[in-house]
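Dumped work.pdb below, it's PDB, C-alpha atoms:
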```pdb
ATOM      1  CA  MET A  22      66.363  14.047  69.242  1.00  0.00           C
ATOM      2  CA  ILE A  23      67.225  17.226  71.098  1.00  0.00           C
ATOM      3  CA  GLU A  24      63.613  18.396  70.817  1.00  0.00           C
ATOM      4  CA  ASN A  25      62.556  15.132  72.479  1.00  0.00           C
ATOM      5  CA  GLN A  26      65.208  15.575  75.177  1.00  0.00           C
ATOM      6  CA  SER A  27      67.193  12.566  73.963  1.00  0.00           C
ATOM      7  CA  GLU A  28      70.424  14.478  74.382  1.00  0.00           C
ATOM      8  CA  LYS A  29      72.535  11.539  75.543  1.00  0.00           C
ATOM      9  CA  ALA A  30      71.585   9.442  72.527  1.00  0.00           C
ATOM     10  CA  ALA A  31      72.357  12.435  70.313  1.00  0.00           C
ATOM     11  CA  GLU A  32      75.821  12.678  71.872  1.00  0.00           C
ATOM     12  CA  SER A  33      76.597   9.082  70.890  1.00  0.00           C
ATOM     13  CA  ILE A  34      75.450   9.713  67.321  1.00  0.00           C
ATOM     14  CA  CYS A  35      77.441  12.944  67.179  1.00  0.00           C
ATOM     15  CA  ARG A  36      80.581  11.027  68.138  1.00  0.00           C
ATOM     16  CA  ASP A  37      79.968   8.572  65.287  1.00  0.00           C
ATOM     17  CA  LEU A  38      79.430  11.522  62.960  1.00  0.00           C
ATOM     18  CA  PHE A  39      82.871  12.858  63.871  1.00  0.00           C
ATOM     19  CA  GLU A  40      84.528   9.519  63.099  1.00  0.00           C
ATOM     20  CA  ASN A  41      82.723   9.216  59.768  1.00  0.00           C
ATOM     21  CA  HIS A  42      83.728  12.755  58.863  1.00  0.00           C
ATOM     22  CA  LEU A  43      87.367  11.847  59.513  1.00  0.00           C
ATOM     23  CA  TYR A  44      87.035   8.690  57.421  1.00  0.00           C
ATOM     24  CA  PHE A  45      85.596  10.555  54.466  1.00  0.00           C
ATOM     25  CA  LYS A  46      88.116  13.385  54.693  1.00  0.00           C
ATOM     26  CA  PHE A  47      90.998  10.914  54.877  1.00  0.00           C
ATOM     27  CA  ILE A  48      89.744   8.979  51.852  1.00  0.00           C
ATOM     28  CA  VAL A  49      89.254  12.004  49.581  1.00  0.00           C
ATOM     29  CA  ASP A  50      92.442  13.789  50.666  1.00  0.00           C
ATOM     30  CA  PRO A  51      94.090  14.707  47.335  1.00  0.00           C
ATOM     31  CA  LYS A  52      97.526  14.234  48.914  1.00  0.00           C
ATOM     32  CA  GLY A  53      96.810  10.545  49.473  1.00  0.00           C
ATOM     33  CA  ASN A  54      95.930   7.572  47.304  1.00  0.00           C
ATOM     34  CA  GLN A  55      92.159   7.997  47.191  1.00  0.00           C
ATOM     35  CA  LYS A  56      91.367   4.746  45.392  1.00  0.00           C
ATOM     36  CA  GLN A  57      93.599   2.714  47.667  1.00  0.00           C
ATOM     37  CA  ARG A  58      92.077   4.223  50.801  1.00  0.00           C
ATOM     38  CA  ALA A  59      88.545   3.686  49.507  1.00  0.00           C
ATOM     39  CA  ARG A  60      89.374   0.058  48.763  1.00  0.00           C
ATOM     40  CA  ALA A  61      90.918  -0.336  52.214  1.00  0.00           C
ATOM     41  CA  TYR A  62      87.685   0.952  53.757  1.00  0.00           C
ATOM     42  CA  HIS A  63      85.631  -1.476  51.661  1.00  0.00           C
ATOM     43  CA  TYR A  64      87.985  -4.354  52.461  1.00  0.00           C
ATOM     44  CA  SER A  65      87.668  -3.621  56.178  1.00  0.00           C
ATOM     45  CA  TYR A  66      83.881  -3.590  55.844  1.00  0.00           C
ATOM     46  CA  LEU A  67      83.961  -7.026  54.214  1.00  0.00           C
ATOM     47  CA  GLN A  68      86.256  -8.280  56.974  1.00  0.00           C
ATOM     48  CA  ASP A  69      83.692  -7.064  59.518  1.00  0.00           C
ATOM     49  CA  GLN A  70      80.974  -8.997  57.716  1.00  0.00           C
ATOM     50  CA  LEU A  71      83.121 -12.121  57.512  1.00  0.00           C
ATOM     51  CA  HIS A  72      83.953 -11.921  61.212  1.00  0.00           C
ATOM     52  CA  LEU A  73      80.250 -11.707  62.051  1.00  0.00           C
ATOM     53  CA  VAL A  74      79.349 -14.703  59.894  1.00  0.00           C
ATOM     54  CA  ASN A  75      82.254 -16.722  61.292  1.00  0.00           C
ATOM     55  CA  THR A  76      81.065 -15.918  64.806  1.00  0.00           C
ATOM     56  CA  LEU A  77      77.538 -17.051  63.993  1.00  0.00           C
ATOM     57  CA  LEU A  78      78.815 -20.289  62.449  1.00  0.00           C
ATOM     58  CA  SER A  79      81.437 -21.026  65.093  1.00  0.00           C
ATOM     59  CA  LYS A  80      81.346 -24.582  66.431  1.00  0.00           C
ATOM     60  CA  LYS A  81      82.666 -23.391  69.773  1.00  0.00           C
ATOM     61  CA  GLU A  82      80.407 -22.868  72.768  1.00  0.00           C
ATOM     62  CA  ASP A  83      80.306 -19.123  72.135  1.00  0.00           C
ATOM     63  CA  GLY A  84      78.882 -19.750  68.681  1.00  0.00           C
ATOM     64  CA  ARG A  85      76.270 -22.172  69.990  1.00  0.00           C
ATOM     65  CA  GLN A  86      75.158 -19.710  72.647  1.00  0.00           C
ATOM     66  CA  ILE A  87      74.884 -16.897  70.103  1.00  0.00           C
ATOM     67  CA  ARG A  88      72.785 -19.048  67.777  1.00  0.00           C
ATOM     68  CA  ARG A  89      70.470 -20.004  70.625  1.00  0.00           C
ATOM     69  CA  PHE A  90      70.193 -16.370  71.687  1.00  0.00           C
ATOM     70  CA  MET A  91      69.353 -15.237  68.147  1.00  0.00           C
ATOM     71  CA  GLY A  92      67.065 -18.164  67.460  1.00  0.00           C
ATOM     72  CA  ILE A  93      69.140 -19.318  64.509  1.00  0.00           C
ATOM     73  CA  GLU A  94      68.332 -22.917  63.729  1.00  0.00           C
ATOM     74  CA  ASN A  95      68.754 -25.031  60.659  1.00  0.00           C
ATOM     75  CA  ARG A  96      65.121 -25.951  60.095  1.00  0.00           C
ATOM     76  CA  ASP A  97      64.673 -23.100  57.619  1.00  0.00           C
ATOM     77  CA  GLY A  98      68.135 -23.489  56.137  1.00  0.00           C
ATOM     78  CA  ASP A  99      69.568 -20.662  58.268  1.00  0.00           C
ATOM     79  CA  LEU A 100      73.007 -22.224  58.543  1.00  0.00           C
ATOM     80  CA  GLU A 101      73.141 -23.021  54.833  1.00  0.00           C
ATOM     81  CA  LYS A 102      72.313 -19.395  54.065  1.00  0.00           C
ATOM     82  CA  LEU A 103      75.092 -18.244  56.367  1.00  0.00           C
ATOM     83  CA  GLU A 104      77.537 -20.657  54.728  1.00  0.00           C
ATOM     84  CA  LYS A 105      76.646 -19.226  51.316  1.00  0.00           C
ATOM     85  CA  GLU A 106      77.102 -15.708  52.668  1.00  0.00           C
ATOM     86  CA  ARG A 107      80.501 -16.633  54.088  1.00  0.00           C
ATOM     87  CA  LEU A 108      81.570 -18.007  50.718  1.00  0.00           C
ATOM     88  CA  ARG A 109      80.337 -14.881  48.942  1.00  0.00           C
ATOM     89  CA  ILE A 110      82.244 -12.564  51.282  1.00  0.00           C
ATOM     90  CA  SER A 111      85.388 -14.711  51.138  1.00  0.00           C
ATOM     91  CA  ASN A 112      85.312 -14.598  47.343  1.00  0.00           C
ATOM     92  CA  SER A 113      84.845 -10.828  47.411  1.00  0.00           C
ATOM     93  CA  LEU A 114      87.931 -10.439  49.585  1.00  0.00           C
ATOM     94  CA  GLN A 115      89.954 -12.254  46.932  1.00  0.00           C
ATOM     95  CA  ARG A 116      89.059  -9.821  44.161  1.00  0.00           C
ATOM     96  CA  GLU A 117      91.944  -8.435  42.133  1.00  0.00           C
ATOM     97  CA  GLU A 118      91.379  -4.829  43.222  1.00  0.00           C
ATOM     98  CA  PHE A 119      91.980  -5.886  46.832  1.00  0.00           C
ATOM     99  CA  LYS A 120      95.288  -7.628  46.100  1.00  0.00           C
ATOM    100  CA  ASN A 121      97.560  -4.948  47.603  1.00  0.00           C
ATOM    101  CA  ILE A 122      95.136  -4.305  50.457  1.00  0.00           C
ATOM    102  CA  LYS A 123      95.105  -8.002  51.344  1.00  0.00           C
ATOM    103  CA  LEU A 124      98.904  -8.204  51.292  1.00  0.00           C
ATOM    104  CA  GLU A 125      99.206  -5.237  53.663  1.00  0.00           C
ATOM    105  CA  TRP A 126      96.402  -6.517  55.895  1.00  0.00           C
ATOM    106  CA  ASP A 127      97.951  -9.978  56.170  1.00  0.00           C
ATOM    107  CA  TYR A 128     101.366  -8.433  56.850  1.00  0.00           C
ATOM    108  CA  LEU A 129     100.019  -6.452  59.806  1.00  0.00           C
ATOM    109  CA  VAL A 130      98.189  -9.487  61.163  1.00  0.00           C
ATOM    110  CA  LYS A 131     101.028 -11.986  60.793  1.00  0.00           C
ATOM    111  CA  LYS A 132     104.165  -9.868  61.176  1.00  0.00           C
ATOM    112  CA  LYS A 133     103.002  -7.068  63.465  1.00  0.00           C
ATOM    113  CA  ASN A 134     100.621  -9.202  65.563  1.00  0.00           C
ATOM    114  CA  ILE A 135      97.741  -6.792  65.020  1.00  0.00           C
ATOM    115  CA  ASN A 136      94.658  -8.972  65.264  1.00  0.00           C
ATOM    116  CA  TYR A 137      92.367  -6.568  63.475  1.00  0.00           C
ATOM    117  CA  PRO A 138      94.052  -3.671  61.645  1.00  0.00           C
ATOM    118  CA  LYS A 139      92.312  -0.344  61.261  1.00  0.00           C
ATOM    119  CA  TRP A 140      91.707   0.297  57.576  1.00  0.00           C
ATOM    120  CA  TYR A 141      93.242   3.768  57.813  1.00  0.00           C
ATOM    121  CA  SER A 142      96.375   2.298  59.437  1.00  0.00           C
ATOM    122  CA  LEU A 143      97.292   0.346  56.323  1.00  0.00           C
ATOM    123  CA  PHE A 144     100.360   1.498  54.379  1.00  0.00           C
ATOM    124  CA  LYS A 145     101.803   3.355  57.388  1.00  0.00           C
ATOM    125  CA  GLY A 146      98.652   5.360  57.972  1.00  0.00           C
ATOM    126  CA  PRO A 147      97.461   6.805  61.310  1.00  0.00           C
ATOM    127  CA  ARG A 148      97.540   4.244  64.102  1.00  0.00           C
ATOM    128  CA  ASN A 149      94.408   5.433  65.892  1.00  0.00           C
ATOM    129  CA  ILE A 150      91.596   7.990  65.848  1.00  0.00           C
ATOM    130  CA  ARG A 151      93.762  10.607  67.547  1.00  0.00           C
ATOM    131  CA  GLU A 152      96.408  10.386  64.833  1.00  0.00           C
ATOM    132  CA  LEU A 153      93.709  10.317  62.163  1.00  0.00           C
ATOM    133  CA  ALA A 154      92.145  13.469  63.604  1.00  0.00           C
ATOM    134  CA  ALA A 155      95.548  15.170  63.631  1.00  0.00           C
ATOM    135  CA  ARG A 156      96.185  14.128  60.020  1.00  0.00           C
ATOM    136  CA  CYS A 157      92.822  15.592  58.997  1.00  0.00           C
ATOM    137  CA  GLY A 158      93.331  18.844  60.900  1.00  0.00           C
ATOM    138  CA  HIS A 159      90.800  18.112  63.646  1.00  0.00           C
ATOM    139  CA  LEU A 160      93.012  17.388  66.653  1.00  0.00           C
ATOM    140  CA  PRO A 161      91.479  20.190  68.807  1.00  0.00           C
ATOM    141  CA  GLU A 162      88.001  18.742  68.236  1.00  0.00           C
ATOM    142  CA  TYR A 163      89.276  15.287  69.144  1.00  0.00           C
ATOM    143  CA  LEU A 164      90.975  16.453  72.342  1.00  0.00           C
ATOM    144  CA  THR A 165      87.907  18.337  73.522  1.00  0.00           C
ATOM    145  CA  LEU A 166      84.522  17.509  72.032  1.00  0.00           C
ATOM    146  CA  TYR A 167      85.245  13.928  70.958  1.00  0.00           C
ATOM    147  CA  ASN A 168      86.594  13.000  74.383  1.00  0.00           C
ATOM    148  CA  ILE A 169      83.609  14.630  76.071  1.00  0.00           C
ATOM    149  CA  LEU A 170      81.211  12.653  73.883  1.00  0.00           C
ATOM    150  CA  SER A 171      83.179   9.452  74.493  1.00  0.00           C
ATOM    151  CA  THR A 172      82.225   9.499  78.171  1.00  0.00           C
ATOM    152  CA  GLN A 173      78.614   8.964  77.101  1.00  0.00           C
ATOM    153  CA  VAL A 174      79.429   6.192  74.630  1.00  0.00           C
ATOM    154  CA  HIS A 175      81.592   4.267  77.100  1.00  0.00           C
ATOM    155  CA  THR A 176      79.292   5.063  80.052  1.00  0.00           C
ATOM    156  CA  THR A 177      82.192   6.437  82.088  1.00  0.00           C
ATOM    157  CA  ASN A 178      79.824   9.211  83.146  1.00  0.00           C
ATOM    158  CA  VAL A 179      77.612   6.877  85.176  1.00  0.00           C
ATOM    159  CA  LEU A 180      77.920   8.999  88.329  1.00  0.00           C
ATOM    160  CA  HIS A 181      76.592  11.936  86.333  1.00  0.00           C
ATOM    161  CA  GLN A 182      73.294  10.053  86.097  1.00  0.00           C
ATOM    162  CA  ILE A 183      72.791  10.344  89.858  1.00  0.00           C
ATOM    163  CA  GLU A 184      71.420  13.471  91.493  1.00  0.00           C
ATOM    164  CA  ASN A 185      71.120  14.507  95.128  1.00  0.00           C
ATOM    165  CA  VAL A 186      67.615  15.355  96.270  1.00  0.00           C
ATOM    166  CA  ASN A 187      67.525  16.447  99.906  1.00  0.00           C
ATOM    167  CA  GLY A 188      70.381  14.141 100.773  1.00  0.00           C
ATOM    168  CA  VAL A 189      68.927  11.145  98.938  1.00  0.00           C
ATOM    169  CA  ALA A 190      70.448   9.750  95.744  1.00  0.00           C
ATOM    170  CA  PHE A 191      68.098   9.433  92.781  1.00  0.00           C
ATOM    171  CA  LEU A 192      68.621   8.385  89.196  1.00  0.00           C
ATOM    172  CA  ARG A 193      68.164  11.277  86.831  1.00  0.00           C
ATOM    173  CA  ASN A 194      65.484  11.200  84.165  1.00  0.00           C
ATOM    174  CA  LEU A 195      66.459   9.467  80.947  1.00  0.00           C
ATOM    175  CA  ARG A 196      65.242  12.442  78.935  1.00  0.00           C
ATOM    176  CA  ILE A 197      67.194  15.489  80.037  1.00  0.00           C
ATOM    177  CA  GLN A 198      68.902  18.485  78.510  1.00  0.00           C
ATOM    178  CA  ASP A 199      72.237  19.344  80.079  1.00  0.00           C
ATOM    179  CA  ASN A 200      73.978  21.174  77.287  1.00  0.00           C
ATOM    180  CA  PRO A 201      72.085  20.736  74.005  1.00  0.00           C
ATOM    181  CA  ASP A 202      73.933  23.649  72.397  1.00  0.00           C
ATOM    182  CA  LEU A 203      77.153  21.616  72.446  1.00  0.00           C
ATOM    183  CA  VAL A 204      75.619  18.781  70.432  1.00  0.00           C
ATOM    184  CA  LEU A 205      73.756  21.102  68.078  1.00  0.00           C
ATOM    185  CA  GLN A 206      76.749  23.283  67.282  1.00  0.00           C
ATOM    186  CA  PHE A 207      79.176  20.384  66.914  1.00  0.00           C
ATOM    187  CA  SER A 208      76.851  18.382  64.657  1.00  0.00           C
ATOM    188  CA  ARG A 209      76.113  21.459  62.553  1.00  0.00           C
ATOM    189  CA  SER A 210      79.820  22.169  62.145  1.00  0.00           C
ATOM    190  CA  LEU A 211      80.564  18.564  61.212  1.00  0.00           C
ATOM    191  CA  GLY A 212      77.693  18.510  58.741  1.00  0.00           C
ATOM    192  CA  THR A 213      78.940  21.711  57.143  1.00  0.00           C
ATOM    193  CA  PHE A 214      82.538  20.476  56.950  1.00  0.00           C
ATOM    194  CA  SER A 215      81.408  17.182  55.419  1.00  0.00           C
ATOM    195  CA  LEU A 216      79.179  18.920  52.877  1.00  0.00           C
ATOM    196  CA  LEU A 217      82.002  21.157  51.686  1.00  0.00           C
ATOM    197  CA  GLU A 218      84.454  18.249  51.540  1.00  0.00           C
ATOM    198  CA  TYR A 219      81.976  16.243  49.475  1.00  0.00           C
ATOM    199  CA  VAL A 220      81.256  19.101  47.080  1.00  0.00           C
ATOM    200  CA  ASN A 221      84.959  19.842  46.701  1.00  0.00           C
ATOM    201  CA  PHE A 222      85.551  16.193  45.803  1.00  0.00           C
ATOM    202  CA  VAL A 223      82.600  15.685  43.435  1.00  0.00           C
ATOM    203  CA  LEU A 224      82.007  19.185  42.034  1.00  0.00           C
ATOM    204  CA  PRO A 225      85.080  21.276  42.859  1.00  0.00           C
ATOM    205  CA  GLU A 226      83.899  24.091  40.604  1.00  0.00           C
ATOM    206  CA  GLN A 227      80.836  24.505  42.852  1.00  0.00           C
ATOM    207  CA  THR A 228      82.756  24.612  46.137  1.00  0.00           C
ATOM    208  CA  GLU A 229      82.937  28.390  46.439  1.00  0.00           C
ATOM    209  CA  SER A 230      79.266  28.974  45.655  1.00  0.00           C
ATOM    210  CA  ILE A 231      78.213  26.247  48.101  1.00  0.00           C
ATOM    211  CA  ARG A 232      80.516  27.733  50.730  1.00  0.00           C
ATOM    212  CA  LYS A 233      78.894  31.148  50.338  1.00  0.00           C
ATOM    213  CA  TRP A 234      75.418  29.606  50.470  1.00  0.00           C
ATOM    214  CA  THR A 235      76.368  27.722  53.622  1.00  0.00           C
ATOM    215  CA  ILE A 236      77.615  30.868  55.328  1.00  0.00           C
ATOM    216  CA  SER A 237      74.429  32.730  54.415  1.00  0.00           C
ATOM    217  CA  ASN A 238      71.926  30.006  55.279  1.00  0.00           C
ATOM    218  CA  ILE A 239      73.513  27.786  57.937  1.00  0.00           C
ATOM    219  CA  ILE A 240      76.365  29.615  59.629  1.00  0.00           C
ATOM    220  CA  LYS A 241      74.802  32.872  60.713  1.00  0.00           C
TER     221      LYS A 241
END
```
I'd like the structure from this file rewritten - as structure tokens, please.
Amino acid sequence: MIENQSEKAAESICRDLFENHLYFKFIVDPKGNQKQRARAYHYSYLQDQLHLVNTLLSKKEDGRQIRRFMGIENRDGDLEKLEKERLRISNSLQREEFKNIKLEWDYLVKKKNINYPKWYSLFKGPRNIRELAARCGHLPEYLTLYNILSTQVHTTNVLHQIENVNGVAFLRNLRIQDNPDLVLQFSRSLGTFSLLEYVNFVLPEQTESIRKWTISNIIK
């Protein structure tokens, strides 16, 4: 993407990469309950899917507008397929391995008035990405690089897309390179961190050799 001057799109992806790195590191942290955290992540994913299906099947005006927008009609059994998918997801959420997750999730929704809990917040976990980053030892990256990348994702940098040419305002080209080194270095670091975390979790005996290989071939 950088080679094609799609730096802004790369920034958005790099931000997602940081979040996913935190998720993985939090799940495999040997000081925590790895199985419980993995199940919480899976449970949250299923809740996302259920929310989407419920939105598509909603009888409210919002649901009708969404179906019209997406071209979902019942002539090909679209709604029946969605109903079956909703039932499948609902049944999955009731599985025995999710019992404790469901109890905690429902507690936060009903007792704490949290409409949609973050999976990592269950069982007194971090309340937000900042706290998650701090827990995983990446608070400096969150306070600097993550916040910088967030301006692109949330389009709070809209004025940065305007340039002054002889006193006249013009929109900048979509394909530009402002600071590609930032994205390249951050993504490389995150990729390296994630690789070592994965190896340490799956093949801990290979961690040191992979670390040395990484230093020799990637971090030069």
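Across the model, the gap from atom CA of Leu216 of chain A to atom CA of Ile231 of chain A is 8.8 Å.
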Open item on the list: Can you measure atom CA of Phe207 of chain A to atom CA of Asn221 of chain A for me? One decimal in Å is fine.
Closed with: 21.0 Å
Open item on the list: Going by the chain IDs and residue numbers used in this file, which residues fall under the PyMOL selection byres ((chain A and resi 43) around 10)? Write them as a PyMOL selection string.
Closed with: chain A and resi 37-42+44-48+150+153-159+211+215
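Those residues positioned at most 12 Å from (82.9, -7.3, 55.8) are Ala61, Tyr62, His63, Tyr64, Ser65, Tyr66, Leu67, Gln68, Asp69, Gln70, Leu71, His72, Leu73, Val74, Asn75, Glu106, Arg107, Leu108, Arg109, Ile110, Ser111, Asn112, Ser113, Leu114 and Trp140 of chain A, judged using all atoms listed in the file.
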Open item on the list: Just to confirm, what's the straight-line distance from atom CA of Lys105 of chain A to atom CA of Met91 of chain A in Å (one decimal)?
Closed with: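 It comes out at 18.8 Å.
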Task: Which residue of A:Leu164, A:Leu143, A:Val220, A:Leu103 approaches Thr76 of chain A most closely, using all atoms listed in the file - done: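 Smallest separation from Thr76 of chain A among the options: A:Leu103.
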TODO: Go through A:Thr213, A:Thr172, A:Gly84, A:Arg60 one by one, measure the shortest atom-to-atom distance of each to Arg116 of chain A using only C-alpha atoms, and give the residue with the smallest value.
DONE: A:Arg60
Task: Residue nearest Lys56 of chain A - candidates A:Asp202, A:Asp127, A:Glu162, A:Glu118, atoms counted: only C-alpha atoms - done: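 Counting only C-alpha atoms, the residue closest to Lys56 of chain A is A:Glu118.
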Task: Nearest residue to Gln206 of chain A from the set A:Leu160, A:Ile236, A:Ile169, A:Cys35 (distances using only C-alpha atoms) - done: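 The shortest atom-to-atom distance to Gln206 of chain A comes from A:Cys35.
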- [ ] Report as a list in words the full result of the PyMOL selection byres ((chain A and resi 142) around 10) when it is applied to this structure.
- [x]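 When the PyMOL selection byres ((chain A and resi 142) around 10) is applied, the selected residues are Arg58, Ala61, Glu125, Trp126, Leu129, Pro138, Lys139, Trp140, Tyr141, Leu143, Phe144, Lys145, Gly146, Pro147, Arg148, Asn149, Ile150, Glu152 and Leu153 of chain A.
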Task: Nearest-residue call for Leu170 of chain A, choices A:Gln115, A:Ser230, A:Asn134, A:Ser208, using only C-alpha atoms - done: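 Selected residue with least distance to Leu170 of chain A: A:Ser208.
Distance annotation: of A:Asp50, A:Gly92, A:Thr165, A:Val204, the residue with the minimal separation from Glu32 of chain A is A:Val204; atom set is all atoms listed in the file.
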